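*Asks:* Sharing protein_17.cif here; it has mmCIF, C-alpha atoms.
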data_input
#
loop_
_atom_site.label_atom_id
_atom_site.label_comp_id
_atom_site.auth_asym_id
_atom_site.auth_seq_id
_atom_site.Cartn_x
_atom_site.Cartn_y
_atom_site.Cartn_z
CA MET A 629 87.08 110.05 94.95
CA ASP A 630 87.52 106.87 92.90
CA ALA A 631 90.34 105.82 95.24
CA LEU A 632 88.20 106.66 98.27
CA GLN A 633 85.15 104.73 97.08
CA SER A 634 87.26 101.73 96.08
CA ALA A 635 88.95 101.72 99.49
CA ILE A 636 85.63 101.70 101.33
CA ALA A 637 84.12 99.03 99.09
CA ALA A 638 87.10 96.68 99.25
CA GLY A 639 88.31 97.47 102.75
CA ASP A 640 91.75 98.03 101.22
CA TYR A 641 93.19 101.47 101.92
CA GLU A 642 96.60 101.03 100.30
CA PRO A 643 95.62 102.64 96.94
CA LEU A 644 94.12 105.58 98.83
CA THR A 645 97.29 105.88 100.88
CA GLU A 646 99.35 105.95 97.68
CA TRP A 647 97.07 108.65 96.27
CA ILE A 648 97.56 110.76 99.40
CA GLU A 649 101.35 110.43 99.20
CA GLU A 650 101.37 111.41 95.52
CA ASN A 651 98.99 114.38 95.83
CA SER A 652 99.89 115.98 99.15
CA GLU A 653 101.53 119.39 99.40
CA TYR A 654 103.76 118.30 102.32
CA CYS A 655 103.36 121.70 103.98
CA TYR A 656 102.97 120.35 107.55
CA ASN A 657 102.67 122.89 110.38
CA PHE A 658 104.31 125.89 108.73
CA LYS A 659 103.55 128.49 106.08
CA PRO A 660 103.13 126.79 102.69
CA ASP A 661 105.12 127.79 99.64
CA GLU A 662 103.53 130.44 97.50
CA GLY A 663 100.90 128.90 95.25
CA ALA A 664 100.67 125.69 97.28
CA GLY A 665 96.91 125.77 96.78
CA HIS A 666 94.18 124.43 99.00
CA VAL A 667 92.46 121.18 99.87
CA PRO A 668 89.29 120.85 97.75
CA GLU A 669 86.22 120.50 99.94
CA VAL A 670 85.11 117.32 98.18
CA VAL A 671 88.47 115.68 98.95
CA PHE A 672 88.58 116.89 102.54
CA SER A 673 85.00 115.85 103.26
CA GLY A 674 85.48 112.46 101.61
CA ILE A 675 88.53 111.58 103.70
CA LEU A 676 86.98 113.06 106.84
CA GLU A 677 83.96 110.81 106.31
CA LEU A 678 86.24 107.80 106.69
CA LEU A 679 86.65 108.75 110.35
CA ARG A 680 82.97 107.99 110.80
CA GLN A 681 83.03 104.63 109.02
CA PRO A 682 83.03 101.60 111.39
CA ASP A 683 84.89 99.48 108.84
CA PHE A 684 87.61 102.09 108.54
CA LEU A 685 87.91 102.57 112.29
CA ALA A 686 88.31 98.80 112.65
CA ALA A 687 91.05 98.63 110.00
CA GLU A 688 94.54 97.76 111.21
CA ASP A 689 96.21 100.38 109.00
CA SER A 690 93.79 103.27 109.41
CA HIS A 691 96.55 105.58 110.64
CA HIS A 692 97.93 106.00 107.11
CA ILE A 693 94.98 108.19 106.20
CA LEU A 694 95.68 110.56 109.08
CA TYR A 695 98.91 111.56 107.39
CA PHE A 696 96.75 113.41 104.85
CA PHE A 697 95.87 116.02 107.46
CA GLU A 698 99.48 116.34 108.61
CA TYR A 699 100.87 116.58 105.08
CA ASN A 700 98.36 119.30 104.14
CA TRP A 701 97.89 121.05 107.47
CA SER A 702 98.96 124.52 106.41
CA ILE A 703 96.51 124.68 103.54
CA LEU A 704 93.51 123.49 105.55
CA THR A 705 91.09 126.33 106.21
CA LEU A 706 90.25 127.26 109.79
CA GLU A 707 86.77 125.81 109.26
CA GLN A 708 88.21 122.53 107.94
CA ARG A 709 90.47 122.28 110.98
CA GLU A 710 87.50 122.67 113.31
CA TRP A 711 85.56 119.96 111.48
CA LEU A 712 88.65 117.76 111.69
CA ARG A 713 89.00 118.42 115.41
CA VAL A 714 85.47 117.15 116.07
CA ALA A 715 85.93 114.07 113.86
CA LEU A 716 89.24 113.13 115.48
CA ARG A 717 87.81 113.55 118.97
CA GLU A 718 84.90 111.23 118.17
CA ALA A 719 87.04 108.66 116.34
CA TYR A 720 89.80 108.39 118.93
CA PRO A 721 88.25 105.77 121.27
CA LYS A 722 86.98 103.72 118.31
CA TYR A 723 90.29 103.01 116.57
CA HIS A 724 91.54 99.43 116.46
CA ASP A 725 94.89 100.69 115.16
CA TRP A 726 97.14 101.88 118.00
CA MET A 727 99.13 104.02 115.56
CA ALA A 728 95.95 105.93 114.68
CA ARG A 729 95.64 106.86 118.36
CA PHE A 730 99.27 107.94 118.35
CA LYS A 731 98.83 110.14 115.26
CA THR A 732 95.63 111.65 116.65
CA SER A 733 97.37 112.49 119.91
CA GLU A 734 100.22 114.04 117.95
CA LEU A 735 97.85 116.10 115.80
CA PHE A 736 96.13 117.51 118.87
CA GLY A 737 99.36 118.37 120.68
CA ASP A 738 101.61 119.50 117.84
CA TYR A 739 99.21 120.84 115.20
CA PHE A 740 96.12 122.14 116.99
CA GLY A 741 98.17 122.89 120.10
CA ASP A 742 95.56 125.18 121.65
CA GLU A 743 93.36 125.17 124.73
CA LYS A 744 90.69 123.01 123.07
CA ALA A 745 93.34 120.46 122.10
CA LEU A 746 94.60 120.34 125.66
CA GLU A 747 91.05 119.77 126.93
CA ASP A 748 90.63 116.87 124.49
CA LEU A 749 93.95 115.31 125.51
CA LEU A 750 93.05 115.63 129.19
CA ALA A 751 89.70 113.97 128.46
CA PHE A 752 91.48 111.10 126.68
CA MET A 753 93.58 110.56 129.81
CA GLU A 754 90.39 109.81 131.72
CA PHE A 755 89.43 106.76 129.63
CA GLU A 756 89.16 103.63 131.72
CA GLN A 757 90.85 101.39 129.14
CA PRO A 758 94.64 101.75 129.53
CA GLU A 759 95.26 101.34 125.80
CA LEU A 760 93.29 104.55 125.23
CA ARG A 761 95.44 106.45 127.73
CA GLU A 762 98.76 104.97 126.72
CA LEU A 763 99.63 107.28 123.81
CA VAL A 764 98.10 110.50 125.12
CA PRO A 765 101.37 111.58 126.84
CA THR A 766 102.85 112.01 123.36
CA GLY A 767 100.29 114.69 122.60
CA LEU A 768 100.84 116.38 125.94
CA ASP A 769 104.60 116.59 125.55
CA HIS A 770 104.24 117.89 121.99
CA LEU A 771 101.97 120.63 123.31
CA VAL A 772 104.47 121.54 126.03
CA ARG A 773 107.23 121.86 123.46
CA GLN A 774 105.39 123.93 120.87
CA THR A 775 102.92 126.18 122.70
CA ALA A 776 103.69 129.83 123.30
CA ARG A 777 101.33 129.85 126.30
CA PRO A 778 102.99 129.02 129.63
CA ASP A 779 99.61 128.30 131.23
CA LEU A 780 98.85 125.53 128.73
CA ALA A 781 102.33 124.06 129.12
CA ALA A 782 101.97 124.11 132.92
CA ARG A 783 98.61 122.30 132.79
CA ALA A 784 99.99 119.66 130.42
CA MET A 785 103.05 119.15 132.64
CA ALA A 786 100.87 118.84 135.72
CA ARG A 787 98.81 116.09 134.07
CA LEU A 788 101.94 114.26 132.99
CA GLU A 789 103.20 114.42 136.55
CA GLU A 790 99.94 112.91 137.80
CA ALA A 791 100.20 110.16 135.18
CA ARG A 792 103.46 108.96 136.67
CA ALA A 793 101.20 107.19 139.17
CA ASP A 794 98.91 105.70 136.52
CA PRO A 795 97.92 102.10 137.39
CA ASP A 796 99.02 100.82 133.97
CA PRO A 797 102.79 100.26 133.47
CA ASN A 798 102.60 100.99 129.75
CA VAL A 799 101.09 104.39 130.44
CA ARG A 800 103.77 105.10 133.02
CA ASN A 801 106.49 104.12 130.55
CA GLU A 802 105.09 106.50 127.93
CA VAL A 803 104.95 109.28 130.52
CA GLU A 804 108.64 108.83 131.31
CA GLU A 805 109.44 108.90 127.60
CA SER A 806 107.54 112.19 127.37
CA PHE A 807 109.48 113.69 130.26
CA LEU A 808 112.72 112.60 128.58
CA ARG A 809 111.74 114.31 125.31
CA ILE A 810 110.83 117.47 127.20
CA TRP A 811 114.16 117.38 129.04
CA TRP A 812 116.12 117.05 125.79
CA TRP A 813 114.05 119.84 124.25
CA ARG A 814 114.82 122.17 127.15
CA GLU A 815 118.52 121.32 127.00
CA ASP A 816 118.54 121.94 123.26
CA ARG A 817 116.72 125.26 123.62
CA ALA A 818 119.07 126.41 126.39
CA GLU A 819 122.11 125.60 124.26
CA ARG A 820 120.68 127.46 121.27
CA GLU A 821 119.91 130.50 123.39
CA GLU A 822 123.43 130.47 124.81
CA GLN A 823 125.04 130.22 121.38
CA ALA A 824 122.77 132.91 119.91
CA ALA A 825 123.58 135.31 122.76
CA ILE A 826 127.32 134.83 122.26
CA LEU A 827 127.53 134.62 118.49
CA GLY A 828 124.75 137.03 117.57
CA SER A 829 124.13 137.48 113.86
CA MET A 830 126.93 135.11 112.83
CA THR A 831 124.70 132.10 113.44
CA SER A 832 122.23 133.39 110.85
CA GLU A 833 124.79 133.39 108.06
CA LYS A 834 123.82 130.92 105.33
CA MET A 835 127.46 130.27 104.48
CA TRP A 836 130.29 130.92 106.93
CA ASP A 837 133.71 132.01 105.81
CA GLU A 838 136.84 130.77 107.58
CA ALA A 839 136.84 133.70 110.00
CA VAL A 840 133.28 133.06 111.14
CA PHE A 841 133.91 129.30 111.35
CA SER A 842 136.96 129.91 113.54
CA ARG A 843 134.96 132.18 115.87
CA VAL A 844 132.11 129.66 116.18
CA LEU A 845 134.59 126.86 116.80
CA GLN A 846 136.29 128.93 119.50
CA VAL A 847 133.01 129.56 121.29
CA ALA A 848 131.88 125.94 120.89
CA THR A 849 135.05 124.51 122.40
CA ALA A 850 135.27 127.09 125.18
CA ARG A 851 131.69 126.43 126.29
CA GLU A 852 131.63 122.72 125.34
CA ASN A 853 128.46 123.60 123.39
CA TYR A 854 128.52 122.12 119.89
CA LEU A 855 124.91 122.59 118.85
CA VAL A 856 125.21 125.51 116.43
CA LEU A 857 128.47 124.14 115.05
CA GLY A 858 126.73 120.80 114.47
CA ASP A 859 123.91 122.56 112.65
CA TRP A 860 126.42 124.30 110.40
CA VAL A 861 128.24 121.04 109.67
CA GLU A 862 124.96 119.41 108.65
CA GLN A 863 124.14 122.36 106.42
CA GLU A 864 127.56 122.35 104.79
CA SER A 865 127.34 118.60 104.23
CA GLU A 866 124.03 119.01 102.40
CA ARG A 867 125.47 121.84 100.30
CA ALA A 868 128.51 119.70 99.46
CA SER A 869 126.23 116.87 98.33
CA GLU A 870 124.53 119.25 95.91
CA ILE A 871 127.90 120.38 94.56
CA VAL A 872 129.09 116.79 94.08
CA ARG A 873 126.02 116.05 91.98
CA SER A 874 126.60 119.06 89.76
CA THR A 875 130.36 119.65 89.56
CA VAL A 876 133.73 118.83 91.10
CA PRO A 877 133.93 120.27 94.64
CA ALA A 878 136.73 122.60 95.70
CA PRO A 879 139.39 121.16 98.03
CA MET A 880 138.49 121.16 101.70
CA SER A 881 139.60 124.28 103.56
CA GLU A 882 142.52 123.39 105.83
CA VAL A 883 141.13 125.72 108.51
CA VAL A 884 137.80 123.88 108.53
CA PHE A 885 139.38 120.41 108.27
CA SER A 886 141.89 120.99 111.06
CA GLY A 887 139.27 122.62 113.26
CA ILE A 888 136.84 119.73 113.04
CA LEU A 889 139.60 117.11 113.18
CA GLY A 890 140.80 118.69 116.41
CA LEU A 891 137.39 118.12 117.96
CA LEU A 892 137.92 114.37 117.66
CA GLN A 893 140.83 114.75 120.09
CA ARG A 894 138.87 116.72 122.70
CA PRO A 895 137.34 114.67 125.58
CA GLY A 896 134.60 117.29 125.98
CA PHE A 897 133.55 116.86 122.37
CA LEU A 898 133.69 113.07 122.49
CA ASP A 899 131.22 113.17 125.39
CA ALA A 900 129.02 115.88 123.85
CA SER A 901 125.43 115.13 122.94
CA HIS A 902 125.77 116.83 119.53
CA SER A 903 128.98 115.10 118.42
CA TRP A 904 126.89 112.81 116.21
CA LYS A 905 126.02 115.78 113.98
CA ILE A 906 129.65 116.54 113.25
CA VAL A 907 131.28 113.12 112.73
CA PRO A 908 129.56 112.36 109.37
CA PHE A 909 130.98 115.60 107.94
CA PHE A 910 134.11 113.86 106.73
CA GLY A 911 132.25 111.09 104.94
CA ARG A 912 129.79 113.41 103.27
CA ASN A 913 132.63 115.65 102.09
CA TRP A 914 135.05 112.83 101.27
CA SER A 915 135.58 113.86 97.64
CA ALA A 916 136.73 117.32 98.79
CA LEU A 917 139.40 115.96 101.15
CA THR A 918 142.99 115.92 99.93
CA SER A 919 144.99 112.71 100.15
CA GLY A 920 146.98 114.20 103.01
CA GLN A 921 143.83 115.10 104.92
CA ARG A 922 142.50 111.57 104.48
CA GLU A 923 145.75 110.11 105.84
CA ARG A 924 145.54 112.34 108.91
CA LEU A 925 141.88 111.55 109.51
CA GLY A 926 142.19 107.76 109.73
CA PRO A 927 144.38 107.44 112.87
CA VAL A 928 142.50 110.18 114.73
CA LEU A 929 139.16 108.57 113.97
CA ARG A 930 140.35 105.12 115.12
CA GLU A 931 141.62 106.54 118.40
CA ALA A 932 138.38 108.44 119.00
CA LEU A 933 136.02 105.55 118.18
CA PRO A 934 135.90 103.86 121.62
CA LYS A 935 135.68 107.20 123.45
CA PHE A 936 132.40 108.55 122.12
CA GLY A 937 129.78 108.99 124.82
CA ASP A 938 126.95 109.32 122.28
CA ARG A 939 126.00 106.05 120.61
CA ARG A 940 125.02 107.82 117.36
CA ALA A 941 128.44 109.42 117.10
CA GLY A 942 130.16 106.07 117.65
CA THR A 943 127.97 104.45 115.01
CA ALA A 944 128.80 107.21 112.51
CA ALA A 945 132.53 106.91 113.24
CA ALA A 946 132.47 103.12 112.86
CA ALA A 947 130.59 103.43 109.56
CA LEU A 948 133.10 105.96 108.25
CA LEU A 949 136.05 103.77 109.23
CA GLY A 950 134.49 100.70 107.70
CA GLU A 951 133.64 102.44 104.45
CA ARG A 952 136.66 104.68 103.93
CA PHE A 953 139.40 102.94 105.94
CA PRO A 954 138.75 99.20 105.60
CA THR A 955 141.15 96.93 107.46
CA ARG A 956 143.73 95.48 105.10
CA ARG A 957 143.99 91.71 105.10
CA ARG A 958 147.29 90.00 104.54
#
Let me see whether you can do it: turn the structure in this file into structure tokens.
*Replies:*
Amino acid sequence: MDALQSAIAAGDYEPLTEWIEENSEYCYNFKPDEGAGHVPEVVFSGILELLRQPDFLAAEDSHHILYFFEYNWSILTLEQREWLRVALREAYPKYHDWMARFKTSELFGDYFGDEKALEDLLAFMEFEQPELRELVPTGLDHLVRQTARPDLAARAMARLEEARADPDPNVRNEVEESFLRIWWWREDRAEREEQAAILGSMTSEKMWDEAVFSRVLQVATARENYLVLGDWVEQESERASEIVRSTVPAPMSEVVFSGILGLLQRPGFLDASHSWKIVPFFGRNWSALTSGQRERLGPVLREALPKFGDRRAGTAAAALLGERFPTRRR
């Protein structure tokens, strides 16, 4: 409350923002850890009151405070969420900070994500000022991607389709960005469903042995679908980082190394949208590679570099070459 009162009095919200970052549970839109606690009513009400303060609504960095509700979403009570919904709805057209409108739109679409949220987003799309409509598509596409109700998704999609003819070019650009995110989400979901149907329970294993890795690699290369394999590589890289911090890692499995190295020589992998997840594996597990494996990696990586269809994969490959295989100067 001291931080809140000081922020209002001075018109400086940075100390309050720092307090929020230090004291949040970071439980977002999922079940909190056991014992995560709750948001005290005095804290919730105090921060919510900011959304009714003209000076706060006129602040250029007001969006920082909205992170409080995102960071602590799962420990807000149902009653607190309803109070928040009303306050956000009323504050939305009064923000001077465009990012506050963005975060509000995101909260409605991704966190509330219900019929009332859709109604609010649709109402925001009717504002005459284009700057008030511009960031609403973000909320609509979040709702499409997270709702379990096809009717809500269909209504949100229909409004996005209408907005393709919006008179403001910025709104139209945001709409196209939303359709692109929805397209990628659908592609991602289809790939996951395909992999899950083929691999079954293997994809739920926390740690794959060589036999499971070989089976997943076989399916991935046969179907040119590298999503689940990329997820595993990311997971293994994180686990390896933990091992490096605590002890000396075991040598890299030759089955795993050769399998992933072989991907760098496959045109289908080099063009794949998920290749960027797999390329950093070698750098993150560098200390586990044998000297012979490192020697084999360099030439393959150099040959693959100009062939990547995904910019992120090419960037990761270039970074690995620059860091681990610097060009020798005479």
*Asks:* Enter the distance from CA of Gly896 in chain A to CA of Arg851 in chain A, in Å, rounded to one decimal.
*Replies:* 9.6 Å
*Asks:* With the PyMOL selection byres ((chain A and resi 711) around 12) as the selection, what would be picked from this file? Answer as a short mmCIF file (atom, residue, chain, number, x, y, z; two decimals) with C-alpha atoms, in the coordinates of the input, please.
*Replies:*
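Just written: expr-v3.cif:
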data_model
loop_
_atom_site.label_atom_id
_atom_site.label_comp_id
_atom_site.auth_asym_id
_atom_site.auth_seq_id
_atom_site.Cartn_x
_atom_site.Cartn_y
_atom_site.Cartn_z
CA GLU A 669 86.22 120.50 99.94
CA PHE A 672 88.58 116.89 102.54
CA SER A 673 85.00 115.85 103.26
CA ILE A 675 88.53 111.58 103.70
CA LEU A 676 86.98 113.06 106.84
CA GLU A 677 83.96 110.81 106.31
CA LEU A 679 86.65 108.75 110.35
CA PHE A 697 95.87 116.02 107.46
CA LEU A 704 93.51 123.49 105.55
CA THR A 705 91.09 126.33 106.21
CA LEU A 706 90.25 127.26 109.79
CA GLU A 707 86.77 125.81 109.26
CA GLN A 708 88.21 122.53 107.94
CA ARG A 709 90.47 122.28 110.98
CA GLU A 710 87.50 122.67 113.31
CA LEU A 712 88.65 117.76 111.69
CA ARG A 713 89.00 118.42 115.41
CA VAL A 714 85.47 117.15 116.07
CA ALA A 715 85.93 114.07 113.86
CA LEU A 716 89.24 113.13 115.48
CA ARG A 717 87.81 113.55 118.97
CA GLU A 718 84.90 111.23 118.17
#
*Asks:* Restricting the calculation to only C-alpha atoms: of A:Phe658, A:Thr943, A:Tyr723, A:Ile888, which residue gets closest to Leu845 in chain A?
*Replies:*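 The shortest atom-to-atom distance to Leu845 in chain A comes from A:Ile888.
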*Asks:* Taking the file as I've supplied it (selection: the PyMOL selection byres ((chain A and resi 782) around 12)), which residues are included? Please answer as a PyMOL selection string.
*Replies:* chain A and resi 743+746+768-769+771-773+775-781+783-789
*Asks:* Leaving out Val884 in chain A and any residue of its chain fewer than 3 positions from it, which residues lie within 9 Å of it when counting only C-alpha atoms, given as number ranges by chain?
*Replies:* A: 838, 841-842, 880-881, 887-889
*Asks:* Pull the neighbourhood of (91.3, 118.3, 123.2) for me: all residues within 10 Å in file coordinates, counting all atoms listed in the file, as an MDAnalysis selection string.
*Replies:* chainID A and resid 713:714 716:717 733 736:737 740:752 767
*Asks:* For the atom pair CA of Ala728 in chain A and CA of Ser690 in chain A, what is the interatomic distance in Å to one decimal place?
*Replies:* 6.3 Å
*Asks:* Could you tell me, as a PyMOL selection string, exactly which residues end up selected when the PyMOL selection byres ((chain A and resi 927) around 12) is applied to this structure?
*Replies:* chain A and resi 889+892-893+921-926+928-933+945+949+953
*Asks:* Within 12 Å of Leu632 in chain A, counting all atoms listed in the file, which residues show up once you throw out same-chain ones fewer than 2 positions away? Write them as a VMD selection string, please.
*Replies:* chain A and resid 629 to 630 634 to 648 670 to 678 684 693
*Asks:* Which is closer to Asn651 in chain A than all the others in A:Tyr720, A:Trp914, A:Tyr695, A:Tyr854, using only C-alpha atoms?
*Replies:*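 Under the stated criterion, the closest residue is A:Tyr695.
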*Asks:* Rounded to one decimal place, report the CA of Trp812 in chain A-CA of Leu898 in chain A distance in Å.
*Replies:*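 About the pair CA of Trp812 in chain A and CA of Leu898 in chain A: they are 18.3 Å apart.
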*Asks:* Which one of A:Pro765, A:Pro895, A:Gly858, A:Pro682 sits closest to His724 in chain A if you count all atoms listed in the file?
*Replies:*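 That would be A:Pro682, the residue with the smallest distance to His724 in chain A.
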*Asks:* Within 10 Å of Trp904 in chain A, counting all atoms listed in the file, which residues qualify if same-chain residues fewer than 3 places away don't, as a count of residues only?
*Replies:* 18
*Asks:* Write out as a PDB file with C-alpha atoms, in the coordinates of the input which residues come within 8 Å of Asp725 in chain A when counting all atoms listed in the file, dropping same-chain ones fewer than 4 positions away.
*Replies:*
ATOM      1  CA  LEU A 685      87.910 102.570 112.290  1.00  0.00           C
ATOM      2  CA  ALA A 686      88.310  98.800 112.650  1.00  0.00           C
ATOM      3  CA  ALA A 687      91.050  98.630 110.000  1.00  0.00           C
ATOM      4  CA  GLU A 688      94.540  97.760 111.210  1.00  0.00           C
ATOM      5  CA  ASP A 689      96.210 100.380 109.000  1.00  0.00           C
ATOM      6  CA  SER A 690      93.790 103.270 109.410  1.00  0.00           C
ATOM      7  CA  HIS A 691      96.550 105.580 110.640  1.00  0.00           C
ATOM      8  CA  ARG A 729      95.640 106.860 118.360  1.00  0.00           C
TER       9      ARG A 729
END
*Asks:* Neighbouring residues of Arg817 in chain A were defined as those with any atom within 12 Å, considering only C-alpha atoms; residues of the same chain fewer than 4 positions away were excluded. Please report them as a PyMOL selection string.
*Replies:* chain A and resi 773-774+810-813+821-824+853+855-856
